[in-house]
Amino acid sequence: MKMKNNKVALVTGAGAGIGRAIAMRLASDGFDIVLNDIGEESIKNVASEIEELGQKSFAIVADISKRDQVFSMINQTVEHFGRLDVMVSNAGIVQVKPLLEITEEDLERIFRINVFGTMFCMQAAAEVMIKQNSGKIINASSTSGKRGVEFLGHYCATKFSVIGLTQTAAKELAPHGITVNAYCPGIVGTGMWEEIDRKMSEYMNVPLGETLKNKINGIPLGRIEEPIDVANYVSFLASEDSNYMTGQAVVIDGGMVFS
């Protein structure tokens, strides 16, 4: 049975995929949810689903790569709900390109969203949480933040960076009662991996779908990861059960990385 906890969680990139699954799972745990994405229609649809679960929701359109928009989003959250207990920096992008073809513009775009966006969310959330003397910051990394992957060099670089930021923030914010952890998904069945498969099929000259099929065949648990698999772990990080855990970047990938 869901227990009402009167706490507030903010999830970026909540309009679809992993972000939507996280928002819905935290709502089922009893959190009121602030939904962020760059598209208004998608988060409004998720907001309606959350309210059907009996939880409050608040949708904010903002670009996390813009520092002023992130701080405004956090301010709106506090004005609306009076507090912020959990910050889930989930939003991110991927691009598939050989290392020698990556341009300055490619680097600028992917780092502004995946790294700058994560940093801005941590900074803005921490300001509120320090005043509360409590809070949980949860960042999206990846198995690509644990080891390099061909044609994903700059994406890997951003996800390695997220782990470094997570570890540093965990040390700096611990005296304020704030934990900081990351989650590292593997091959998740979302539109992001469909795009990766499409581009890799071009670069590797293999049929569409073959790259994804081969990746799934290498997963010991024998199936593709679903968004709810990630959301279930984030639920643990957002709960009191993880109170003595900080600075960690745990892999949820069905055993793929060590296989």
# chains A, B, ... in the order shown; residues from 1 in each chain; ligands from 1
>>> select_by_dssp(residues="segment 45-207 of chain A", states="alpha helix (DSSP H)", output="JSON, numbers by chain")
{"A": [45, 46, 47, 48, 49, 50, 51, 52, 67, 68, 69, 70, 71, 72, 73, 74, 75, 76, 77, 78, 79, 80, 81, 104, 105, 106, 107, 108, 109, 110, 111, 117, 118, 119, 120, 121, 122, 123, 124, 125, 126, 127, 128, 129, 130, 131, 132, 153, 154, 155, 156, 157, 158, 159, 160, 161, 162, 163, 164, 165, 166, 167, 168, 169, 170, 171, 172, 173, 191, 192, 193, 194, 195, 196, 197, 198, 199, 200, 201, 202, 203, 204]}
>>> closest_atom_pairs(of="segment 40-114 of chain A", to="segment 188-197 of chain A", cutoff="9 Å", atoms="only C-alpha atoms", output="Markdown table")
| residue | atom | partner | partner_atom | distance |
| --- | --- | --- | --- | --- |
| A:Ile93 | CA | A:Met192 | CA | 7.9 |
| A:Val94 | CA | A:Met192 | CA | 7.1 |
| A:Gln95 | CA | A:Ile196 | CA | 7.5 |
| A:Val96 | CA | A:Ile196 | CA | 6.2 |
>>> closest_residue(among="A:Ile38, A:Pro185, A:Lys159, A:Val88", to="Ala59 of chain A", atoms="only C-alpha atoms")
A:Ile38
>>> residues_around(residues="Ala182 of chain A", least_positions_apart="5", cutoff="10 Å", atoms="only C-alpha atoms", output="PyMOL selection string")
chain A and resi 88-90+137-142+162-163+165-167+234+237+246-251
>>> closest_residue(among="A:Arg109, A:Ser239, A:Glu52, A:Ala125", to="Asn75 of chain A", atoms="only C-alpha atoms")
A:Ala125
